[in-house]
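Asks: Following this message is one structure expressed as structure tokens.
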Amino acid sequence: MKYIYSMMLFILWALPNQAQVNNNLKIKFYCTNWGMSESWDSYCARVSQAGFDGLETWLPAVGEERTAMFNALKKHKLSLGLLSGGGGANFDQYLASFIKNVEDAAQQKPDYINCHTGKEYYTFEQNKALIDAAEAISKKTGIPVRHETHRGRFSFAAHITKKYLEKIPHLRLTLDISHWCNVHESMLSDQKEAVQLALLKTGHIHARVGHPQGPQVNDPAAPEWKSILNQHLAWWDEIVRIHKESKAKVLTITTEFGPAGYLPTLPYTQQPVADQWSINVFMLNLLKARYKS
């Protein structure tokens, strides 16, 4: 099922805001390859034609797929943002894996590295060791490393992440606040201090729209989600404002609505109730119009 988003619908959602002040902040938009079912060349062509500046992806293993990805990015003049994380049966294995993966990602010279960091059940000291290891790699290579607010990670909840931000000054986030809406079953009106601190410490945005019962609305253009979308836009507006006031040169944003499974589906047929690609392009156009300088 594919949705055609008309210009009338786009104008409806491209709400006026206070972030459209001309300055030197460059906002770069990245498309997720989550759910990609075609070749790198074909997908990168679509991403470029849609108007994205780059692609965000996990780094493929060494071999033909990695070569194909880099060739496609170069051919279609797309920037690269990389996801990274760790794994293992215990913390020591996880730490070694995490360091290896972040180092490998940094060697590719992406615009940034977005980490899925730690576990919600690791101790503060264990998760801090991971954050510190990533910071050391960032300082050595000059590649910004961000840590995504995500269920199952150290940053799974607003009040928990607040403690990390207060105790680790160098910690910078990829804010995917949709997860917190789900975790706290709210739009976070009772977590204002934690949210504001997170906004101040955000270096990268995952522009997915969550709600109290899930990390992804079925279609952000649907009128029933208007107030939910507006709340997310208000959070992102504040991040843009903070970056402009701090004289930052670049802010990166990934539209990260996921495929069927993450995107709700119909029972029995598993048919997605909306079109993932159209949604991510809708979000790109909405945010480009909102933050144009």
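Identifiers in this document derive from the order of the structure tokens: chains are assigned A, B, ..., residues are numbered from 1 separately in each chain, and ligands are numbered from 1 in order of occurrence.
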Skip Val240 of chain A itself and residues of its chain fewer than 5 positions away, then list as a JSON list (two decimals) with all heavy atoms, in the first residue's frame all residues within 9 Å of it, counting only C-alpha atoms.
Replies:
```json
[["chain", "number", "residue", "atom", "x", "y", "z"],
["A", 19, "ALA", "N", 12.37, 28.66, 14.35],
["A", 19, "ALA", "CA", 13.72, 28.17, 14.07],
["A", 19, "ALA", "C", 14.24, 28.63, 12.71],
["A", 19, "ALA", "O", 15.36, 28.33, 12.36],
["A", 19, "ALA", "CB", 13.75, 26.64, 14.14],
["A", 25, "LEU", "N", 24.24, 27.73, 10.61],
["A", 25, "LEU", "CA", 24.01, 26.33, 10.94],
["A", 25, "LEU", "C", 23.56, 25.57, 9.69],
["A", 25, "LEU", "O", 22.58, 25.94, 9.04],
["A", 25, "LEU", "CB", 22.94, 26.19, 12.03],
["A", 25, "LEU", "CG", 22.58, 24.74, 12.41],
["A", 25, "LEU", "CD1", 23.77, 24.05, 13.08],
["A", 25, "LEU", "CD2", 21.35, 24.70, 13.31],
["A", 27, "ILE", "N", 22.01, 22.10, 8.38],
["A", 27, "ILE", "CA", 21.31, 20.89, 8.81],
["A", 27, "ILE", "C", 21.39, 19.88, 7.68],
["A", 27, "ILE", "O", 20.97, 20.15, 6.56],
["A", 27, "ILE", "CB", 19.85, 21.19, 9.18],
["A", 27, "ILE", "CG1", 19.80, 22.19, 10.34],
["A", 27, "ILE", "CG2", 19.13, 19.89, 9.57],
["A", 27, "ILE", "CD1", 18.40, 22.56, 10.79],
["A", 235, "TRP", "N", 10.20, 19.71, 20.41],
["A", 235, "TRP", "CA", 11.48, 19.23, 20.94],
["A", 235, "TRP", "C", 12.60, 19.47, 19.93],
["A", 235, "TRP", "O", 13.68, 19.94, 20.29],
["A", 235, "TRP", "CB", 11.38, 17.75, 21.28],
["A", 235, "TRP", "CG", 10.59, 17.44, 22.53],
["A", 235, "TRP", "CD1", 10.56, 18.17, 23.69],
["A", 235, "TRP", "CD2", 9.73, 16.31, 22.73],
["A", 235, "TRP", "NE1", 9.73, 17.55, 24.60],
["A", 235, "TRP", "CE2", 9.20, 16.42, 24.05],
["A", 235, "TRP", "CE3", 9.35, 15.23, 21.95],
["A", 235, "TRP", "CZ2", 8.33, 15.47, 24.58],
["A", 235, "TRP", "CZ3", 8.48, 14.29, 22.48],
["A", 235, "TRP", "CH2", 7.97, 14.41, 23.78],
["A", 245, "GLU", "N", 22.24, 28.97, 18.75],
["A", 245, "GLU", "CA", 22.77, 29.87, 19.79],
["A", 245, "GLU", "C", 24.21, 29.54, 20.13],
["A", 245, "GLU", "O", 24.99, 30.42, 20.50],
["A", 245, "GLU", "CB", 21.89, 29.80, 21.03],
["A", 245, "GLU", "CG", 20.57, 30.55, 20.89],
["A", 245, "GLU", "CD", 19.88, 30.77, 22.22],
["A", 245, "GLU", "OE1", 20.36, 30.23, 23.25],
["A", 245, "GLU", "OE2", 18.85, 31.48, 22.23],
["A", 251, "LEU", "N", 24.19, 20.32, 12.22],
["A", 251, "LEU", "CA", 23.29, 19.45, 12.97],
["A", 251, "LEU", "C", 22.83, 18.37, 12.01],
["A", 251, "LEU", "O", 22.43, 18.66, 10.89],
["A", 251, "LEU", "CB", 22.08, 20.22, 13.52],
["A", 251, "LEU", "CG", 20.99, 19.37, 14.17],
["A", 251, "LEU", "CD1", 21.52, 18.64, 15.41],
["A", 251, "LEU", "CD2", 19.79, 20.23, 14.53],
["A", 291, "TYR", "N", 12.99, 24.07, 8.71],
["A", 291, "TYR", "CA", 14.28, 24.58, 9.15],
["A", 291, "TYR", "C", 15.09, 25.23, 8.03],
["A", 291, "TYR", "O", 16.31, 25.41, 8.18],
["A", 291, "TYR", "CB", 15.09, 23.45, 9.80],
["A", 291, "TYR", "CG", 14.41, 22.86, 11.00],
["A", 291, "TYR", "CD1", 14.24, 21.49, 11.12],
["A", 291, "TYR", "CD2", 13.89, 23.68, 12.00],
["A", 291, "TYR", "CE1", 13.58, 20.94, 12.22],
["A", 291, "TYR", "CE2", 13.23, 23.13, 13.09],
["A", 291, "TYR", "CZ", 13.08, 21.77, 13.19],
["A", 291, "TYR", "OH", 12.43, 21.24, 14.29]]
```
Asks: Can you list every residue of segment 92-202 of chain A that has an atom at most 12 Å from segment 58-79 of chain A, with its nearest atom pair and the distance in Å to one decimal, using only C-alpha atoms, ordered by chain then number, as CSV?
Replies:
```
residue,atom,partner,partner_atom,distance
A:Asn101,CA,A:Leu59,CA,8.9
A:Val102,CA,A:Leu59,CA,10.1
A:Glu103,CA,A:Leu59,CA,11.5
A:Asp104,CA,A:Leu59,CA,8.6
A:Ala105,CA,A:Leu59,CA,6.9
A:Ala106,CA,A:Leu59,CA,10.5
A:Gln107,CA,A:Leu59,CA,11.1
A:Gln108,CA,A:Leu59,CA,9.1
A:Lys109,CA,A:Ser79,CA,10.1
A:Pro110,CA,A:Ser79,CA,7.5
A:Asp111,CA,A:Ser79,CA,7.1
A:Tyr112,CA,A:Ser79,CA,10.0
A:Ile113,CA,A:Trp58,CA,9.7
A:Asn114,CA,A:Trp58,CA,9.4
A:Cys115,CA,A:Trp58,CA,10.0
A:His116,CA,A:Trp58,CA,10.8
```
Asks: Take the residues from that selection and write them out as a short mmCIF file (atom, residue, chain, number, x, y, z; two decimals), in the first residue's frame, keeping all heavy atoms.
Replies:
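Final output, part_26.cif:
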```cif
data_model
loop_
_atom_site.label_atom_id
_atom_site.label_comp_id
_atom_site.auth_asym_id
_atom_site.auth_seq_id
_atom_site.Cartn_x
_atom_site.Cartn_y
_atom_site.Cartn_z
N ASN A 101 34.08 -2.45 17.11
CA ASN A 101 33.11 -1.97 16.12
C ASN A 101 33.17 -0.46 15.94
O ASN A 101 33.05 0.04 14.82
CB ASN A 101 31.71 -2.41 16.52
CG ASN A 101 31.51 -3.91 16.41
OD1 ASN A 101 32.24 -4.60 15.70
ND2 ASN A 101 30.52 -4.44 17.12
N VAL A 102 33.33 0.26 17.04
CA VAL A 102 33.40 1.72 16.93
C VAL A 102 34.69 2.13 16.22
O VAL A 102 34.69 3.06 15.40
CB VAL A 102 33.28 2.39 18.31
CG1 VAL A 102 33.45 3.91 18.20
CG2 VAL A 102 31.93 2.08 18.95
N GLU A 103 35.79 1.44 16.52
CA GLU A 103 37.05 1.73 15.82
C GLU A 103 36.93 1.46 14.33
O GLU A 103 37.40 2.26 13.50
CB GLU A 103 38.18 0.90 16.42
CG GLU A 103 38.63 1.38 17.79
CD GLU A 103 39.74 0.53 18.38
OE1 GLU A 103 39.89 -0.65 17.96
OE2 GLU A 103 40.46 1.02 19.26
N ASP A 104 36.29 0.36 13.97
CA ASP A 104 36.09 0.03 12.56
C ASP A 104 35.24 1.10 11.88
O ASP A 104 35.54 1.56 10.78
CB ASP A 104 35.42 -1.34 12.43
CG ASP A 104 35.38 -1.86 11.00
OD1 ASP A 104 36.04 -1.26 10.12
OD2 ASP A 104 34.69 -2.87 10.76
N ALA A 105 34.17 1.51 12.57
CA ALA A 105 33.30 2.55 12.01
C ALA A 105 34.08 3.86 11.82
O ALA A 105 33.96 4.52 10.78
CB ALA A 105 32.10 2.77 12.92
N ALA A 106 34.88 4.24 12.80
CA ALA A 106 35.63 5.49 12.73
C ALA A 106 36.63 5.49 11.58
O ALA A 106 36.89 6.53 10.95
CB ALA A 106 36.34 5.76 14.05
N GLN A 107 37.20 4.32 11.27
CA GLN A 107 38.17 4.22 10.18
C GLN A 107 37.55 4.52 8.82
O GLN A 107 38.26 4.88 7.87
CB GLN A 107 38.80 2.83 10.17
CG GLN A 107 39.77 2.59 11.32
CD GLN A 107 40.26 1.15 11.38
OE1 GLN A 107 39.95 0.34 10.50
NE2 GLN A 107 41.00 0.82 12.42
N GLN A 108 36.22 4.42 8.74
CA GLN A 108 35.54 4.70 7.47
C GLN A 108 35.30 6.20 7.26
O GLN A 108 34.80 6.61 6.23
CB GLN A 108 34.20 3.95 7.40
CG GLN A 108 34.27 2.49 7.80
CD GLN A 108 35.39 1.72 7.12
OE1 GLN A 108 35.61 1.86 5.91
NE2 GLN A 108 36.11 0.91 7.90
N LYS A 109 35.60 6.98 8.27
CA LYS A 109 35.48 8.45 8.24
C LYS A 109 34.05 8.92 7.92
O LYS A 109 33.84 9.73 6.99
CB LYS A 109 36.48 9.06 7.27
CG LYS A 109 37.92 8.74 7.61
CD LYS A 109 38.90 9.50 6.76
CE LYS A 109 40.34 9.09 7.07
NZ LYS A 109 40.69 9.24 8.49
N PRO A 110 33.08 8.41 8.67
CA PRO A 110 31.70 8.90 8.48
C PRO A 110 31.54 10.29 9.08
O PRO A 110 32.43 10.78 9.79
CB PRO A 110 30.87 7.88 9.27
CG PRO A 110 31.78 7.49 10.40
CD PRO A 110 33.17 7.46 9.79
N ASP A 111 30.41 10.91 8.81
CA ASP A 111 30.14 12.22 9.41
C ASP A 111 29.98 12.10 10.92
O ASP A 111 30.30 13.04 11.66
CB ASP A 111 28.87 12.82 8.82
CG ASP A 111 29.05 13.26 7.38
OD1 ASP A 111 30.19 13.22 6.88
OD2 ASP A 111 28.05 13.66 6.75
N TYR A 112 29.45 10.98 11.37
CA TYR A 112 29.23 10.74 12.80
C TYR A 112 29.05 9.24 13.00
O TYR A 112 28.81 8.48 12.05
CB TYR A 112 27.98 11.47 13.31
CG TYR A 112 26.71 11.03 12.62
CD1 TYR A 112 25.98 9.92 13.07
CD2 TYR A 112 26.26 11.67 11.46
CE1 TYR A 112 24.85 9.49 12.41
CE2 TYR A 112 25.13 11.24 10.79
CZ TYR A 112 24.42 10.14 11.27
OH TYR A 112 23.31 9.71 10.60
N ILE A 113 29.15 8.81 14.26
CA ILE A 113 28.85 7.43 14.65
C ILE A 113 27.75 7.48 15.71
O ILE A 113 27.88 8.20 16.70
CB ILE A 113 30.08 6.69 15.20
CG1 ILE A 113 31.20 6.65 14.15
CG2 ILE A 113 29.71 5.27 15.64
CD1 ILE A 113 32.53 6.14 14.70
N ASN A 114 26.69 6.76 15.47
CA ASN A 114 25.58 6.68 16.40
C ASN A 114 25.60 5.32 17.08
O ASN A 114 25.40 4.29 16.42
CB ASN A 114 24.25 6.89 15.66
CG ASN A 114 23.05 6.65 16.55
OD1 ASN A 114 23.11 6.86 17.75
ND2 ASN A 114 21.96 6.19 15.95
N CYS A 115 25.84 5.29 18.38
CA CYS A 115 26.01 4.03 19.10
C CYS A 115 24.76 3.57 19.83
O CYS A 115 24.10 4.36 20.51
CB CYS A 115 27.14 4.16 20.12
SG CYS A 115 28.78 4.33 19.39
N HIS A 116 24.48 2.28 19.69
CA HIS A 116 23.57 1.58 20.60
C HIS A 116 24.45 1.08 21.73
O HIS A 116 25.18 0.10 21.57
CB HIS A 116 22.90 0.41 19.88
CG HIS A 116 21.78 0.83 18.98
ND1 HIS A 116 20.58 0.15 18.93
CD2 HIS A 116 21.67 1.84 18.09
CE1 HIS A 116 19.78 0.73 18.06
NE2 HIS A 116 20.42 1.77 17.52
#
```
Asks: May I ask for the distance between atom CA of Thr269 of chain A and atom CA of Val217 of chain A, given in Å to one decimal place?
Replies: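 Taking atom CA of Thr269 of chain A as the start and atom CA of Val217 of chain A as the end point, the length is 19.7 Å.
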Asks: May I ask which of the residues A:Leu286, A:Ile279, A:Leu233, A:Leu266 is the closest one to Thr32 of chain A, counting only C-alpha atoms?
Replies: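 The shortest atom-to-atom distance to Thr32 of chain A comes from A:Ile279.
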Asks: Could you give me the residues within segment 65-254 of chain A that DSSP places in helix (DSSP H, G or I), as a count of residues only?
Replies: 94
Asks: Quote the spacing between atom CA of Asp41 of chain A and atom CA of Leu82 of chain A in Å to one decimal place.
Replies: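 These atoms are spaced 17.7 Å apart.
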Asks: Nearest to Asn285 of chain A: which of A:Pro272, A:Gly35, A:Gly51, A:Gly214 is it, counting only C-alpha atoms?
Replies: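 Closest to Asn285 of chain A, using only C-alpha atoms: A:Gly51.
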Asks: Check segment 21-257 of chain A with DSSP on the backbone and list each residue it calls strand (DSSP E), as a PyMOL selection string.
Replies: chain A and resi 26-32+54-58+79-84+112-115+145-148+173-175+202-206+250-255
Asks: Selection from above, N, CA, C and O atoms, as a short mmCIF file (atom, residue, chain, number, x, y, z; two decimals), in the first residue's frame, can you write it?
Replies:
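Resulting contents of out.cif:
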```cif
data_model
loop_
_atom_site.label_atom_id
_atom_site.label_comp_id
_atom_site.auth_asym_id
_atom_site.auth_seq_id
_atom_site.Cartn_x
_atom_site.Cartn_y
_atom_site.Cartn_z
N LYS A 26 24.26 24.49 9.38
CA LYS A 26 23.88 23.62 8.27
C LYS A 26 23.21 22.39 8.85
O LYS A 26 23.77 21.73 9.73
N ILE A 27 22.01 22.10 8.38
CA ILE A 27 21.31 20.89 8.81
C ILE A 27 21.39 19.88 7.68
O ILE A 27 20.97 20.15 6.56
N LYS A 28 21.95 18.70 7.99
CA LYS A 28 22.09 17.64 7.00
C LYS A 28 21.11 16.53 7.33
O LYS A 28 20.99 16.11 8.49
N PHE A 29 20.44 16.03 6.32
CA PHE A 29 19.40 15.02 6.49
C PHE A 29 19.86 13.68 5.91
O PHE A 29 20.32 13.60 4.77
N TYR A 30 19.68 12.64 6.70
CA TYR A 30 20.09 11.30 6.34
C TYR A 30 18.88 10.38 6.30
O TYR A 30 17.95 10.52 7.09
N CYS A 31 18.92 9.43 5.38
CA CYS A 31 17.86 8.44 5.27
C CYS A 31 18.35 7.12 5.88
O CYS A 31 19.50 6.73 5.67
N THR A 32 17.50 6.45 6.62
CA THR A 32 17.85 5.13 7.11
C THR A 32 17.81 4.12 5.97
O THR A 32 17.06 4.29 5.00
N GLY A 54 22.46 12.29 2.90
CA GLY A 54 23.27 11.12 3.20
C GLY A 54 22.42 9.94 3.62
O GLY A 54 21.19 9.96 3.58
N LEU A 55 23.13 8.90 4.03
CA LEU A 55 22.51 7.63 4.42
C LEU A 55 23.06 7.22 5.78
O LEU A 55 24.26 7.37 6.04
N GLU A 56 22.19 6.71 6.65
CA GLU A 56 22.63 6.15 7.93
C GLU A 56 22.42 4.65 7.91
O GLU A 56 21.33 4.17 7.60
N THR A 57 23.46 3.89 8.29
CA THR A 57 23.39 2.44 8.20
C THR A 57 24.38 1.80 9.16
O THR A 57 25.33 2.43 9.62
N TRP A 58 24.14 0.53 9.46
CA TRP A 58 25.16 -0.29 10.11
C TRP A 58 26.22 -0.61 9.07
O TRP A 58 25.90 -0.80 7.89
N SER A 79 26.52 11.53 1.77
CA SER A 79 27.33 11.43 2.98
C SER A 79 26.95 10.17 3.76
O SER A 79 25.91 9.55 3.50
N LEU A 80 27.76 9.82 4.74
CA LEU A 80 27.56 8.58 5.49
C LEU A 80 27.51 8.84 6.99
O LEU A 80 28.38 9.51 7.55
N GLY A 81 26.50 8.31 7.64
CA GLY A 81 26.45 8.22 9.09
C GLY A 81 26.40 6.75 9.46
O GLY A 81 25.67 5.98 8.82
N LEU A 82 27.17 6.34 10.46
CA LEU A 82 27.23 4.92 10.79
C LEU A 82 26.66 4.62 12.17
O LEU A 82 26.87 5.37 13.12
N LEU A 83 25.95 3.51 12.24
CA LEU A 83 25.50 2.95 13.51
C LEU A 83 26.54 1.96 14.00
O LEU A 83 27.23 1.30 13.20
N SER A 84 26.64 1.83 15.32
CA SER A 84 27.59 0.88 15.88
C SER A 84 27.09 0.41 17.24
O SER A 84 26.26 1.07 17.87
N TYR A 112 29.45 10.98 11.37
CA TYR A 112 29.23 10.74 12.80
C TYR A 112 29.05 9.24 13.00
O TYR A 112 28.81 8.48 12.05
N ILE A 113 29.15 8.81 14.26
CA ILE A 113 28.85 7.43 14.65
C ILE A 113 27.75 7.48 15.71
O ILE A 113 27.88 8.20 16.70
N ASN A 114 26.69 6.76 15.47
CA ASN A 114 25.58 6.68 16.40
C ASN A 114 25.60 5.32 17.08
O ASN A 114 25.40 4.29 16.42
N CYS A 115 25.84 5.29 18.38
CA CYS A 115 26.01 4.03 19.10
C CYS A 115 24.76 3.57 19.83
O CYS A 115 24.10 4.36 20.51
N VAL A 145 30.98 10.95 18.12
CA VAL A 145 30.28 9.73 18.54
C VAL A 145 29.12 10.11 19.44
O VAL A 145 29.30 10.80 20.45
N ARG A 146 27.93 9.67 19.08
CA ARG A 146 26.72 9.95 19.84
C ARG A 146 26.15 8.64 20.37
O ARG A 146 26.41 7.56 19.82
N HIS A 147 25.34 8.72 21.43
CA HIS A 147 24.77 7.54 22.05
C HIS A 147 23.25 7.67 22.02
O HIS A 147 22.68 8.61 22.60
N GLU A 148 22.61 6.72 21.36
CA GLU A 148 21.18 6.85 21.08
C GLU A 148 20.31 6.53 22.30
O GLU A 148 20.54 5.54 23.00
N LEU A 173 24.21 12.84 22.97
CA LEU A 173 23.16 11.91 22.60
C LEU A 173 22.78 11.99 21.13
O LEU A 173 22.88 13.05 20.50
N THR A 174 22.32 10.87 20.62
CA THR A 174 21.40 10.85 19.49
C THR A 174 20.02 10.78 20.12
O THR A 174 19.69 9.79 20.79
N LEU A 175 19.24 11.82 19.96
CA LEU A 175 17.93 11.83 20.62
C LEU A 175 16.89 11.16 19.73
O LEU A 175 16.50 11.70 18.70
N THR A 202 22.15 16.98 22.95
CA THR A 202 21.91 16.24 21.72
C THR A 202 22.81 16.72 20.59
O THR A 202 22.91 17.91 20.34
N GLY A 203 23.44 15.76 19.91
CA GLY A 203 24.25 16.09 18.75
C GLY A 203 23.69 15.56 17.45
O GLY A 203 24.14 15.94 16.37
N HIS A 204 22.73 14.66 17.55
CA HIS A 204 22.12 14.05 16.36
C HIS A 204 20.68 13.70 16.71
O HIS A 204 20.38 13.35 17.86
N ILE A 205 19.79 13.80 15.74
CA ILE A 205 18.37 13.53 15.96
C ILE A 205 17.93 12.36 15.10
O ILE A 205 18.24 12.29 13.91
N HIS A 206 17.18 11.45 15.72
CA HIS A 206 16.41 10.48 14.96
C HIS A 206 14.98 10.98 14.95
O HIS A 206 14.29 10.99 15.96
N VAL A 250 27.08 22.37 12.21
CA VAL A 250 26.30 21.32 11.58
C VAL A 250 25.41 20.64 12.61
O VAL A 250 25.82 20.39 13.74
N LEU A 251 24.19 20.32 12.22
CA LEU A 251 23.29 19.45 12.97
C LEU A 251 22.83 18.37 12.01
O LEU A 251 22.43 18.66 10.89
N THR A 252 22.90 17.11 12.45
CA THR A 252 22.51 16.00 11.59
C THR A 252 21.19 15.40 12.08
O THR A 252 20.95 15.28 13.28
N ILE A 253 20.34 15.03 11.12
CA ILE A 253 19.03 14.47 11.41
C ILE A 253 18.78 13.28 10.50
O ILE A 253 18.98 13.37 9.28
N THR A 254 18.35 12.16 11.08
CA THR A 254 17.96 11.00 10.30
C THR A 254 16.46 10.77 10.44
O THR A 254 15.94 10.72 11.56
N THR A 255 15.76 10.66 9.32
CA THR A 255 14.37 10.23 9.37
C THR A 255 14.40 8.71 9.50
O THR A 255 14.92 8.02 8.63
#
```
Asks: Compile the contact shell of Ser227 of chain A as a compact mmCIF listing (two decimals) with C-alpha atoms, in the first residue's frame: residues with an atom at most 12 Å away, counting only C-alpha atoms, same-chain residues fewer than 6 positions apart removed.
Replies:
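This is the output file around_2.txt:
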```txt
# COMPACT_ATOMS: atom_id res chain seq x y z
CA TRP A 13 1.98 20.06 8.30
CA MET A 187 4.46 12.65 26.25
CA VAL A 209 7.44 10.12 16.07
CA GLY A 210 6.49 7.98 19.05
CA HIS A 211 3.48 7.93 21.33
CA VAL A 217 2.96 6.21 14.96
CA PRO A 220 2.72 11.02 11.08
CA ALA A 221 0.68 12.81 8.41
CA LEU A 233 8.50 19.21 16.44
CA ALA A 234 8.69 21.41 19.54
```
Asks: When you count only C-alpha atoms, which of these residues is closest to Ala260 of chain A: A:Trp236, A:Asn218, A:Tyr121, A:Trp225?
Replies: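 Looking at the shortest contact to Ala260 of chain A, the residue is A:Asn218.
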Asks: Neighbouring residues of His150 of chain A were defined as those with any atom within 7 Å, considering only C-alpha atoms; residues of the same chain fewer than 3 positions away were excluded. Please report them as number ranges by chain.
Replies: A: 153, 155-156, 176, 179
